[in-house]
Amino acid sequence: MPRELVTIECTEARKEGKPPSRYTTTRNKKLQTEKVELRKYNRFLRRHTLHREIK
């Protein structure tokens, strides 16, 4: 299967002492070899922040 499930986590929440928000998404392993970065909503910070892929 070329698609895999990945978890993305907020990069700004830990700096501010808040719990991190996490989302699950998919990516194509063959076409996108680097880690996923998306702007998603963090409900603890009440704004959109950068979320990066974690393992």
# chains A, B, ... in the order shown; residues from 1 in each chain; ligands from 1

$ residues_around --residues "stretch 15-30 of chain A" --least-positions-apart "3" --cutoff "7 Å" --atoms "only C-alpha atoms" --output "PyMOL selection string"
chain A and resi 2-10+12+33+42+44

$ residues_around --residues "stretch 35-37 of chain A" --least-positions-apart "6" --cutoff "7 Å" --atoms "only C-alpha atoms" --output "ChimeraX atom specification"
/A:50-53

$ select_by_dssp --residues "chain A" --states "strand (DSSP E)" --output "JSON, numbers by chain"
{"A": [3, 4, 5, 6, 7, 8, 9, 10, 22, 23, 24, 25, 26, 27, 28, 37, 38, 39, 40, 41, 42, 47, 48, 49, 50, 51, 52, 53, 54]}

$ decode --residues "chain A" --atoms "C-alpha atoms" --output "PDB file, in the first residue's frame"
ATOM      1  CA  MET A   1       0.000   0.000   0.000  1.00  0.00           C
ATOM      2  CA  PRO A   2       1.484   3.382  -0.933  1.00  0.00           C
ATOM      3  CA  ARG A   3      -0.656   5.238   1.648  1.00  0.00           C
ATOM      4  CA  GLU A   4       0.188   5.166   5.340  1.00  0.00           C
ATOM      5  CA  LEU A   5      -1.469   6.599   8.436  1.00  0.00           C
ATOM      6  CA  VAL A   6       0.506   9.328  10.203  1.00  0.00           C
ATOM      7  CA  THR A   7      -0.106  11.333  13.362  1.00  0.00           C
ATOM      8  CA  ILE A   8       0.563  15.067  13.402  1.00  0.00           C
ATOM      9  CA  GLU A   9       1.093  17.051  16.614  1.00  0.00           C
ATOM     10  CA  CYS A  10       1.067  20.772  17.430  1.00  0.00           C
ATOM     11  CA  THR A  11       4.523  22.367  17.624  1.00  0.00           C
ATOM     12  CA  GLU A  12       3.566  25.429  19.689  1.00  0.00           C
ATOM     13  CA  ALA A  13       1.511  23.944  22.549  1.00  0.00           C
ATOM     14  CA  ARG A  14       4.390  22.513  24.603  1.00  0.00           C
ATOM     15  CA  LYS A  15       6.244  25.833  24.538  1.00  0.00           C
ATOM     16  CA  GLU A  16       3.219  27.475  26.161  1.00  0.00           C
ATOM     17  CA  GLY A  17       2.618  24.689  28.700  1.00  0.00           C
ATOM     18  CA  LYS A  18      -0.615  23.440  27.122  1.00  0.00           C
ATOM     19  CA  PRO A  19      -1.502  19.890  26.084  1.00  0.00           C
ATOM     20  CA  PRO A  20      -0.699  19.179  22.424  1.00  0.00           C
ATOM     21  CA  SER A  21      -3.465  18.638  19.912  1.00  0.00           C
ATOM     22  CA  ARG A  22      -3.077  15.633  17.629  1.00  0.00           C
ATOM     23  CA  TYR A  23      -4.676  14.683  14.330  1.00  0.00           C
ATOM     24  CA  THR A  24      -4.487  11.544  12.198  1.00  0.00           C
ATOM     25  CA  THR A  25      -4.085  11.805   8.439  1.00  0.00           C
ATOM     26  CA  THR A  26      -2.675   9.816   5.520  1.00  0.00           C
ATOM     27  CA  ARG A  27       0.193  10.418   3.137  1.00  0.00           C
ATOM     28  CA  ASN A  28       1.562   8.783   0.018  1.00  0.00           C
ATOM     29  CA  LYS A  29       4.939   7.227   0.904  1.00  0.00           C
ATOM     30  CA  LYS A  30       6.150   7.105  -2.692  1.00  0.00           C
ATOM     31  CA  LEU A  31       5.404  10.711  -3.649  1.00  0.00           C
ATOM     32  CA  GLN A  32       5.925  12.498  -0.332  1.00  0.00           C
ATOM     33  CA  THR A  33       9.056  11.224   1.418  1.00  0.00           C
ATOM     34  CA  GLU A  34       9.508  14.150   3.826  1.00  0.00           C
ATOM     35  CA  LYS A  35       7.504  14.616   7.027  1.00  0.00           C
ATOM     36  CA  VAL A  36       4.007  16.126   6.792  1.00  0.00           C
ATOM     37  CA  GLU A  37       3.446  19.712   7.994  1.00  0.00           C
ATOM     38  CA  LEU A  38      -0.076  21.164   8.074  1.00  0.00           C
ATOM     39  CA  ARG A  39      -1.766  24.134   9.704  1.00  0.00           C
ATOM     40  CA  LYS A  40      -4.592  22.779  11.864  1.00  0.00           C
ATOM     41  CA  TYR A  41      -6.760  24.147  14.667  1.00  0.00           C
ATOM     42  CA  ASN A  42      -5.557  23.714  18.255  1.00  0.00           C
ATOM     43  CA  ARG A  43      -8.528  23.919  20.615  1.00  0.00           C
ATOM     44  CA  PHE A  44      -6.344  24.531  23.692  1.00  0.00           C
ATOM     45  CA  LEU A  45      -4.682  27.602  22.149  1.00  0.00           C
ATOM     46  CA  ARG A  46      -7.880  28.569  20.243  1.00  0.00           C
ATOM     47  CA  ARG A  47      -6.040  29.268  16.981  1.00  0.00           C
ATOM     48  CA  HIS A  48      -4.516  27.577  13.951  1.00  0.00           C
ATOM     49  CA  THR A  49      -0.958  26.344  14.493  1.00  0.00           C
ATOM     50  CA  LEU A  50       1.646  24.326  12.639  1.00  0.00           C
ATOM     51  CA  HIS A  51       1.346  20.559  13.174  1.00  0.00           C
ATOM     52  CA  ARG A  52       4.212  18.210  12.258  1.00  0.00           C
ATOM     53  CA  GLU A  53       4.329  14.465  11.767  1.00  0.00           C
ATOM     54  CA  ILE A  54       5.482  12.372  14.736  1.00  0.00           C
ATOM     55  CA  LYS A  55       6.340   8.689  14.902  1.00  0.00           C
TER      56      LYS A  55
END
